[in-house]
Amino acid sequence: MKGLFWILALFGLAVAVALGAQMNDGYVLFVVPPWRLEISLNLLLLALFLAFIAFYVLLRAVLVTLGLPARVQAYRARRLREKSGQIFQDAVRQLFEGRFGQALKRASGAWEAGIAPELSALIAARAAQRLGEPERQEVWLARAKAADSRNEAAALMLEAEMMVEARRFDDALVALGRLQGKQGRHIAALRLELRARQGIGDSNGILKLVRQLAKRDALPPEAVREIRTKAHLANIAMRRDDERALIDYLRALPADERGERIFLAAAGALTEQGAELEAQKLIESALEREVSEDTRYALVGLYGQLAGADPMSRIARAEGWLLARPQDGGLLLALGRMCLRQRLWGKAQSYLEASLSVDPTQAAHLELARLFDQLERPDEANRHYRASVGPAGDR
């Protein structure tokens, strides 16, 4: 539509000029003594118009000629930028392909050409790290940070990741601390910090981080449970020689973080420290939950070894469990041990023999041998001593 308008306008102008030329009878007289020149006004106007066109064309030609060096220079700069951009793309591709030497070379070229200098420096730093050249890695990291202050967070993140991979966990935490001061704690940084905390064995830091990641659904539930369990086991091991600290830690432990392995480790540590009342409460609460048979066997075994106050209540509690699990060899063994400790010879013998009938273990034979020693029945004691070193059982 716009083109049609211009065509119509040009036709209209041409018609107007033709009509004006026909109606114009004027002339122009040029007098330069001794010469006189008389020409029509229409011819003069046409000559002036053509002269203006020629002057304009000549002026444009001169300007183009004078600007030719600048245009050539701009063309070369544009071609260099395009070539450098291709070099940068090649550096990224080769980094992901694992061709780190070529990636470092290409990234260096892109950085020298000024194409995304901060990103080029980061790519070069990663390639140098993969090539095992720490000095060049540090140089490129410094360049990445200096290229643009907005790029410092990315450089710190890359630095922390490389420090973790190099097992320089303290340096990684320093870099992550600086990153936190600039951009806070996003999920990727939290995951990286978790790896660094695991590297230095900071169990409390691990627990804090894994709880934050769990709230954000940033880790699979199975991974959360495993990491959390290992951290709690490490903390329990650190407090095995400090009864008060161990008890306080276990009391503060959230209920949803108390797994089977934690129950076992905590009960064992409490028993070693002589905190048998705490161990009793812990084992009883654990056995009220759904636990595996191996865990139940181990916990019941520890329960049967407790020798603290109020042993008769423990026997009564265990006999209550026995009503629901009459064929539990481990529970029968624990009851036999508790009755033996209280010199309830008849009940002890009954429980131990029942345990042997369900699960003939070395431990049950040894307890029966000790019982018959107490009852001065050497023949039966010797028979069970011999059986305890035979192929009867391994628990």
# chains A, B, ... in the order shown; residues from 1 in each chain; ligands from 1
>>> residues_around(residues="Leu333 in chain A", least_positions_apart="3", cutoff="12 Å", atoms="only C-alpha atoms", output="PDB file with N, CA and C atoms, in the first residue's frame")
ATOM      1  N   TYR A 297      17.482 -58.903  67.057  1.00  0.00           N
ATOM      2  CA  TYR A 297      18.328 -59.876  67.751  1.00  0.00           C
ATOM      3  C   TYR A 297      19.440 -59.170  68.530  1.00  0.00           C
ATOM      4  N   ALA A 298      20.069 -58.179  67.869  1.00  0.00           N
ATOM      5  CA  ALA A 298      21.162 -57.461  68.530  1.00  0.00           C
ATOM      6  C   ALA A 298      20.658 -56.654  69.721  1.00  0.00           C
ATOM      7  N   VAL A 300      17.907 -57.155  71.524  1.00  0.00           N
ATOM      8  CA  VAL A 300      17.499 -58.065  72.588  1.00  0.00           C
ATOM      9  C   VAL A 300      18.715 -58.623  73.307  1.00  0.00           C
ATOM     10  N   GLY A 301      19.775 -58.903  72.547  1.00  0.00           N
ATOM     11  CA  GLY A 301      21.007 -59.376  73.172  1.00  0.00           C
ATOM     12  C   GLY A 301      21.575 -58.361  74.149  1.00  0.00           C
ATOM     13  N   LEU A 302      21.575 -57.089  73.750  1.00  0.00           N
ATOM     14  CA  LEU A 302      22.044 -56.034  74.659  1.00  0.00           C
ATOM     15  C   LEU A 302      21.127 -55.916  75.873  1.00  0.00           C
ATOM     16  N   TYR A 303      19.844 -56.062  75.636  1.00  0.00           N
ATOM     17  CA  TYR A 303      18.879 -55.975  76.738  1.00  0.00           C
ATOM     18  C   TYR A 303      19.135 -57.074  77.764  1.00  0.00           C
ATOM     19  N   GLY A 304      19.461 -58.253  77.283  1.00  0.00           N
ATOM     20  CA  GLY A 304      19.731 -59.351  78.208  1.00  0.00           C
ATOM     21  C   GLY A 304      21.012 -59.186  78.988  1.00  0.00           C
ATOM     22  N   GLN A 305      21.920 -58.299  78.518  1.00  0.00           N
ATOM     23  CA  GLN A 305      23.189 -58.088  79.220  1.00  0.00           C
ATOM     24  C   GLN A 305      23.111 -56.976  80.259  1.00  0.00           C
ATOM     25  N   ILE A 315      12.788 -58.489  83.219  1.00  0.00           N
ATOM     26  CA  ILE A 315      12.365 -59.865  82.934  1.00  0.00           C
ATOM     27  C   ILE A 315      10.872 -59.898  82.590  1.00  0.00           C
ATOM     28  N   ALA A 318      10.354 -58.497  79.106  1.00  0.00           N
ATOM     29  CA  ALA A 318      10.777 -59.445  78.075  1.00  0.00           C
ATOM     30  C   ALA A 318       9.795 -60.609  77.960  1.00  0.00           C
ATOM     31  N   GLU A 319       9.266 -61.057  79.082  1.00  0.00           N
ATOM     32  CA  GLU A 319       8.280 -62.136  79.030  1.00  0.00           C
ATOM     33  C   GLU A 319       7.003 -61.675  78.327  1.00  0.00           C
ATOM     34  N   LEU A 322       7.681 -62.016  74.776  1.00  0.00           N
ATOM     35  CA  LEU A 322       7.730 -63.421  74.396  1.00  0.00           C
ATOM     36  C   LEU A 322       6.336 -63.958  74.055  1.00  0.00           C
ATOM     37  N   PRO A 326       6.860 -66.225  70.581  1.00  0.00           N
ATOM     38  CA  PRO A 326       7.288 -67.379  71.382  1.00  0.00           C
ATOM     39  C   PRO A 326       8.458 -68.152  70.767  1.00  0.00           C
ATOM     40  N   GLN A 327       8.696 -67.991  69.472  1.00  0.00           N
ATOM     41  CA  GLN A 327       9.782 -68.715  68.814  1.00  0.00           C
ATOM     42  C   GLN A 327      10.992 -67.809  68.530  1.00  0.00           C
ATOM     43  N   ASP A 328      11.123 -66.747  69.285  1.00  0.00           N
ATOM     44  CA  ASP A 328      12.256 -65.825  69.107  1.00  0.00           C
ATOM     45  C   ASP A 328      13.445 -66.345  69.908  1.00  0.00           C
ATOM     46  N   GLY A 329      14.411 -66.962  69.228  1.00  0.00           N
ATOM     47  CA  GLY A 329      15.566 -67.537  69.915  1.00  0.00           C
ATOM     48  C   GLY A 329      16.387 -66.502  70.654  1.00  0.00           C
ATOM     49  N   GLY A 330      16.557 -65.329  70.084  1.00  0.00           N
ATOM     50  CA  GLY A 330      17.334 -64.285  70.742  1.00  0.00           C
ATOM     51  C   GLY A 330      16.666 -63.805  72.013  1.00  0.00           C
ATOM     52  N   GLY A 336      16.981 -66.086  79.404  1.00  0.00           N
ATOM     53  CA  GLY A 336      17.809 -67.038  80.136  1.00  0.00           C
ATOM     54  C   GLY A 336      18.965 -66.350  80.844  1.00  0.00           C
ATOM     55  N   ARG A 337      19.599 -65.394  80.172  1.00  0.00           N
ATOM     56  CA  ARG A 337      20.708 -64.668  80.795  1.00  0.00           C
ATOM     57  C   ARG A 337      20.222 -63.846  81.986  1.00  0.00           C
ATOM     58  N   MET A 338      19.093 -63.158  81.815  1.00  0.00           N
ATOM     59  CA  MET A 338      18.591 -62.325  82.914  1.00  0.00           C
ATOM     60  C   MET A 338      18.192 -63.192  84.117  1.00  0.00           C
ATOM     61  N   CYS A 339      17.557 -64.336  83.860  1.00  0.00           N
ATOM     62  CA  CYS A 339      17.177 -65.229  84.965  1.00  0.00           C
ATOM     63  C   CYS A 339      18.415 -65.847  85.615  1.00  0.00           C
ATOM     64  N   LEU A 340      19.422 -66.167  84.818  1.00  0.00           N
ATOM     65  CA  LEU A 340      20.673 -66.710  85.365  1.00  0.00           C
ATOM     66  C   LEU A 340      21.341 -65.692  86.279  1.00  0.00           C
ATOM     67  N   LYS A 347      14.063 -71.272  85.745  1.00  0.00           N
ATOM     68  CA  LYS A 347      13.587 -70.477  84.615  1.00  0.00           C
ATOM     69  C   LYS A 347      14.720 -70.242  83.611  1.00  0.00           C
ATOM     70  N   ALA A 348      15.931 -70.018  84.138  1.00  0.00           N
ATOM     71  CA  ALA A 348      17.069 -69.795  83.248  1.00  0.00           C
ATOM     72  C   ALA A 348      17.293 -71.018  82.365  1.00  0.00           C
ATOM     73  N   GLN A 349      17.299 -72.219  82.991  1.00  0.00           N
ATOM     74  CA  GLN A 349      17.512 -73.447  82.216  1.00  0.00           C
ATOM     75  C   GLN A 349      16.409 -73.625  81.177  1.00  0.00           C
ATOM     76  N   SER A 350      15.171 -73.353  81.577  1.00  0.00           N
ATOM     77  CA  SER A 350      14.052 -73.524  80.660  1.00  0.00           C
ATOM     78  C   SER A 350      14.171 -72.600  79.447  1.00  0.00           C
ATOM     79  N   TYR A 351      14.490 -71.332  79.701  1.00  0.00           N
ATOM     80  CA  TYR A 351      14.604 -70.382  78.593  1.00  0.00           C
ATOM     81  C   TYR A 351      15.788 -70.706  77.692  1.00  0.00           C
ATOM     82  N   LEU A 352      16.919 -71.101  78.285  1.00  0.00           N
ATOM     83  CA  LEU A 352      18.108 -71.382  77.487  1.00  0.00           C
ATOM     84  C   LEU A 352      17.912 -72.634  76.634  1.00  0.00           C
ATOM     85  N   GLU A 353      17.312 -73.649  77.201  1.00  0.00           N
ATOM     86  CA  GLU A 353      17.068 -74.858  76.419  1.00  0.00           C
ATOM     87  C   GLU A 353      16.047 -74.587  75.307  1.00  0.00           C
ATOM     88  N   ALA A 354      15.056 -73.736  75.599  1.00  0.00           N
ATOM     89  CA  ALA A 354      14.101 -73.363  74.555  1.00  0.00           C
ATOM     90  C   ALA A 354      14.788 -72.578  73.448  1.00  0.00           C
ATOM     91  N   SER A 355      15.731 -71.735  73.841  1.00  0.00           N
ATOM     92  CA  SER A 355      16.491 -70.986  72.844  1.00  0.00           C
ATOM     93  C   SER A 355      17.287 -71.921  71.948  1.00  0.00           C
ATOM     94  N   LEU A 356      17.911 -72.952  72.559  1.00  0.00           N
ATOM     95  CA  LEU A 356      18.685 -73.918  71.775  1.00  0.00           C
ATOM     96  C   LEU A 356      17.789 -74.692  70.819  1.00  0.00           C
ATOM     97  N   SER A 357      16.598 -74.983  71.244  1.00  0.00           N
ATOM     98  CA  SER A 357      15.704 -75.754  70.384  1.00  0.00           C
ATOM     99  C   SER A 357      15.257 -74.942  69.167  1.00  0.00           C
ATOM    100  N   VAL A 358      15.203 -73.606  69.344  1.00  0.00           N
ATOM    101  CA  VAL A 358      14.796 -72.737  68.234  1.00  0.00           C
ATOM    102  C   VAL A 358      15.984 -72.340  67.383  1.00  0.00           C
ATOM    103  N   ASP A 359      17.069 -71.972  68.043  1.00  0.00           N
ATOM    104  CA  ASP A 359      18.254 -71.470  67.346  1.00  0.00           C
ATOM    105  C   ASP A 359      19.502 -71.912  68.105  1.00  0.00           C
ATOM    106  N   PRO A 360      20.107 -73.060  67.760  1.00  0.00           N
ATOM    107  CA  PRO A 360      21.254 -73.591  68.514  1.00  0.00           C
ATOM    108  C   PRO A 360      22.511 -72.761  68.302  1.00  0.00           C
ATOM    109  N   THR A 361      22.693 -71.757  69.151  1.00  0.00           N
ATOM    110  CA  THR A 361      23.834 -70.851  69.018  1.00  0.00           C
ATOM    111  C   THR A 361      24.922 -71.179  70.027  1.00  0.00           C
ATOM    112  N   GLN A 362      26.100 -70.725  69.747  1.00  0.00           N
ATOM    113  CA  GLN A 362      27.235 -70.890  70.657  1.00  0.00           C
ATOM    114  C   GLN A 362      26.958 -70.198  71.986  1.00  0.00           C
ATOM    115  N   ALA A 363      26.330 -69.004  71.926  1.00  0.00           N
ATOM    116  CA  ALA A 363      26.072 -68.248  73.150  1.00  0.00           C
ATOM    117  C   ALA A 363      25.137 -69.013  74.083  1.00  0.00           C
ATOM    118  N   ALA A 364      24.111 -69.652  73.531  1.00  0.00           N
ATOM    119  CA  ALA A 364      23.170 -70.398  74.377  1.00  0.00           C
ATOM    120  C   ALA A 364      23.866 -71.592  75.037  1.00  0.00           C
ATOM    121  N   HIS A 365      24.737 -72.283  74.307  1.00  0.00           N
ATOM    122  CA  HIS A 365      25.488 -73.399  74.899  1.00  0.00           C
ATOM    123  C   HIS A 365      26.394 -72.908  76.031  1.00  0.00           C
ATOM    124  N   LEU A 366      27.054 -71.765  75.825  1.00  0.00           N
ATOM    125  CA  LEU A 366      27.931 -71.243  76.874  1.00  0.00           C
ATOM    126  C   LEU A 366      27.143 -70.862  78.113  1.00  0.00           C
ATOM    127  N   GLU A 367      25.979 -70.236  77.934  1.00  0.00           N
ATOM    128  CA  GLU A 367      25.184 -69.846  79.095  1.00  0.00           C
ATOM    129  C   GLU A 367      24.681 -71.088  79.850  1.00  0.00           C
ATOM    130  N   LEU A 368      24.296 -72.108  79.123  1.00  0.00           N
ATOM    131  CA  LEU A 368      23.877 -73.345  79.793  1.00  0.00           C
ATOM    132  C   LEU A 368      25.041 -74.008  80.516  1.00  0.00           C
ATOM    133  N   ARG A 395      26.551 -67.404  66.631  1.00  0.00           N
ATOM    134  CA  ARG A 395      26.162 -66.170  67.331  1.00  0.00           C
ATOM    135  C   ARG A 395      26.229 -66.406  68.827  1.00  0.00           C
TER     136      ARG A 395
END
>>> residues_around(residues="Ser120 in chain A", least_positions_apart="5", cutoff="8 Å", atoms="only C-alpha atoms", output="list in words")
Phe88, Ala107, Ser108, Ala110, Trp111, Ile115 and Ala144 of chain A
>>> write_last_selection(atoms="N, CA and C atoms", output="PDB file, in the first residue's frame")
ATOM      1  N   PHE A  88      34.996 -19.213  20.692  1.00  0.00           N
ATOM      2  CA  PHE A  88      34.393 -19.393  22.019  1.00  0.00           C
ATOM      3  C   PHE A  88      33.454 -20.595  22.019  1.00  0.00           C
ATOM      4  N   ALA A 107      39.683 -21.237  24.512  1.00  0.00           N
ATOM      5  CA  ALA A 107      39.209 -20.266  25.502  1.00  0.00           C
ATOM      6  C   ALA A 107      40.213 -19.129  25.671  1.00  0.00           C
ATOM      7  N   SER A 108      41.495 -19.457  25.619  1.00  0.00           N
ATOM      8  CA  SER A 108      42.526 -18.412  25.704  1.00  0.00           C
ATOM      9  C   SER A 108      42.400 -17.442  24.541  1.00  0.00           C
ATOM     10  N   ALA A 110      39.680 -16.794  22.769  1.00  0.00           N
ATOM     11  CA  ALA A 110      38.471 -15.991  22.938  1.00  0.00           C
ATOM     12  C   ALA A 110      38.674 -14.891  23.967  1.00  0.00           C
ATOM     13  N   TRP A 111      39.388 -15.219  25.039  1.00  0.00           N
ATOM     14  CA  TRP A 111      39.648 -14.206  26.075  1.00  0.00           C
ATOM     15  C   TRP A 111      40.509 -13.075  25.521  1.00  0.00           C
ATOM     16  N   ILE A 115      36.026 -11.712  23.691  1.00  0.00           N
ATOM     17  CA  ILE A 115      34.711 -12.326  23.543  1.00  0.00           C
ATOM     18  C   ILE A 115      34.324 -12.989  24.863  1.00  0.00           C
ATOM     19  N   ALA A 144      39.084 -14.478  35.695  1.00  0.00           N
ATOM     20  CA  ALA A 144      37.622 -14.544  35.664  1.00  0.00           C
ATOM     21  C   ALA A 144      37.014 -13.603  36.700  1.00  0.00           C
TER      22      ALA A 144
END
>>> closest_residue(among="A:Asp256, A:Leu306, A:His384, A:Asp217", to="Glu278 in chain A", atoms="only C-alpha atoms")
A:Leu306
>>> residues_around(residues="range 124-138 of chain A", least_positions_apart="2", cutoff="7 Å", atoms="only C-alpha atoms", output="PyMOL selection string")
chain A and resi 95+100-101+103-104+107-108+120-122+140-142
>>> write_last_selection(atoms="N, CA and C atoms", output="mmCIF file, in the first residue's frame")
data_model
loop_
_atom_site.group_PDB
_atom_site.id
_atom_site.type_symbol
_atom_site.label_atom_id
_atom_site.label_comp_id
_atom_site.auth_asym_id
_atom_site.auth_seq_id
_atom_site.Cartn_x
_atom_site.Cartn_y
_atom_site.Cartn_z
ATOM 1 N N LEU A 95 35.250 -28.481 25.686
ATOM 2 C CA LEU A 95 35.278 -28.742 27.126
ATOM 3 C C LEU A 95 34.327 -29.880 27.472
ATOM 4 N N PHE A 100 40.341 -31.241 26.716
ATOM 5 C CA PHE A 100 40.647 -30.100 27.588
ATOM 6 C C PHE A 100 41.802 -29.245 27.062
ATOM 7 N N GLY A 101 42.778 -29.870 26.407
ATOM 8 C CA GLY A 101 43.879 -29.085 25.842
ATOM 9 C C GLY A 101 43.390 -28.123 24.783
ATOM 10 N N ALA A 103 40.301 -27.126 24.420
ATOM 11 C CA ALA A 103 39.393 -26.181 25.059
ATOM 12 C C ALA A 103 40.160 -25.036 25.700
ATOM 13 N N LEU A 104 41.261 -25.356 26.360
ATOM 14 C CA LEU A 104 42.085 -24.309 26.980
ATOM 15 C C LEU A 104 42.641 -23.362 25.928
ATOM 16 N N ALA A 107 39.683 -21.237 24.512
ATOM 17 C CA ALA A 107 39.209 -20.266 25.502
ATOM 18 C C ALA A 107 40.213 -19.129 25.671
ATOM 19 N N SER A 108 41.495 -19.457 25.619
ATOM 20 C CA SER A 108 42.526 -18.412 25.704
ATOM 21 C C SER A 108 42.400 -17.442 24.541
ATOM 22 N N SER A 120 35.050 -16.983 29.149
ATOM 23 C CA SER A 120 36.216 -17.624 28.536
ATOM 24 C C SER A 120 37.250 -17.990 29.589
ATOM 25 N N ALA A 121 37.451 -17.098 30.568
ATOM 26 C CA ALA A 121 38.405 -17.385 31.639
ATOM 27 C C ALA A 121 37.937 -18.554 32.496
ATOM 28 N N LEU A 122 36.629 -18.637 32.743
ATOM 29 C CA LEU A 122 36.107 -19.765 33.529
ATOM 30 C C LEU A 122 36.304 -21.085 32.791
ATOM 31 N N TRP A 140 43.786 -18.317 35.628
ATOM 32 C CA TRP A 140 42.531 -18.097 34.904
ATOM 33 C C TRP A 140 41.383 -17.784 35.855
ATOM 34 N N LEU A 141 41.408 -18.365 37.031
ATOM 35 C CA LEU A 141 40.379 -18.019 38.013
ATOM 36 C C LEU A 141 40.484 -16.549 38.412
ATOM 37 N N ALA A 142 41.699 -16.099 38.627
ATOM 38 C CA ALA A 142 41.898 -14.697 38.982
ATOM 39 C C ALA A 142 41.416 -13.783 37.852
#
>>> atom_distance(atom1="CA of Ala266 in chain A", atom2="CA of Leu250 in chain A")
7.6 Å
>>> atom_distance(atom1="CA of Arg106 in chain A", atom2="CA of Ala146 in chain A")
19.8 Å
>>> residues_around(residues="Leu158 in chain A", least_positions_apart="3", cutoff="10 Å", atoms="only C-alpha atoms", output="count of residues only")
16
>>> atom_distance(atom1="CA of Gly98 in chain A", atom2="CA of Arg195 in chain A")
23.7 Å
>>> select_by_dssp(residues="range 96-220 of chain A", states="alpha helix (DSSP H)", output="VMD selection string")
chain A and resid 96 to 97 100 to 112 117 to 130 134 to 147 152 to 165 169 to 183 187 to 200 203 to 215
>>> closest_residue(among="A:Thr295, A:Asn235, A:Ser285, A:Gln180", to="Gly205 in chain A", atoms="only C-alpha atoms")
A:Asn235
>>> closest_residue(among="A:Ile283, A:Leu213, A:Leu207, A:Ala231", to="Arg296 in chain A", atoms="only C-alpha atoms")
A:Ile283
>>> closest_residue(among="A:Pro311, A:Leu270, A:Leu58, A:Ala316", to="Asp248 in chain A", atoms="only C-alpha atoms")
A:Leu270
>>> closest_residue(among="A:Gln89, A:Gln198, A:Gln94, A:Thr65", to="Asp170 in chain A", atoms="only C-alpha atoms")
A:Gln198
>>> closest_residue(among="A:Lys105, A:Lys281, A:Arg325, A:Arg185", to="Glu293 in chain A", atoms="only C-alpha atoms")
A:Arg325
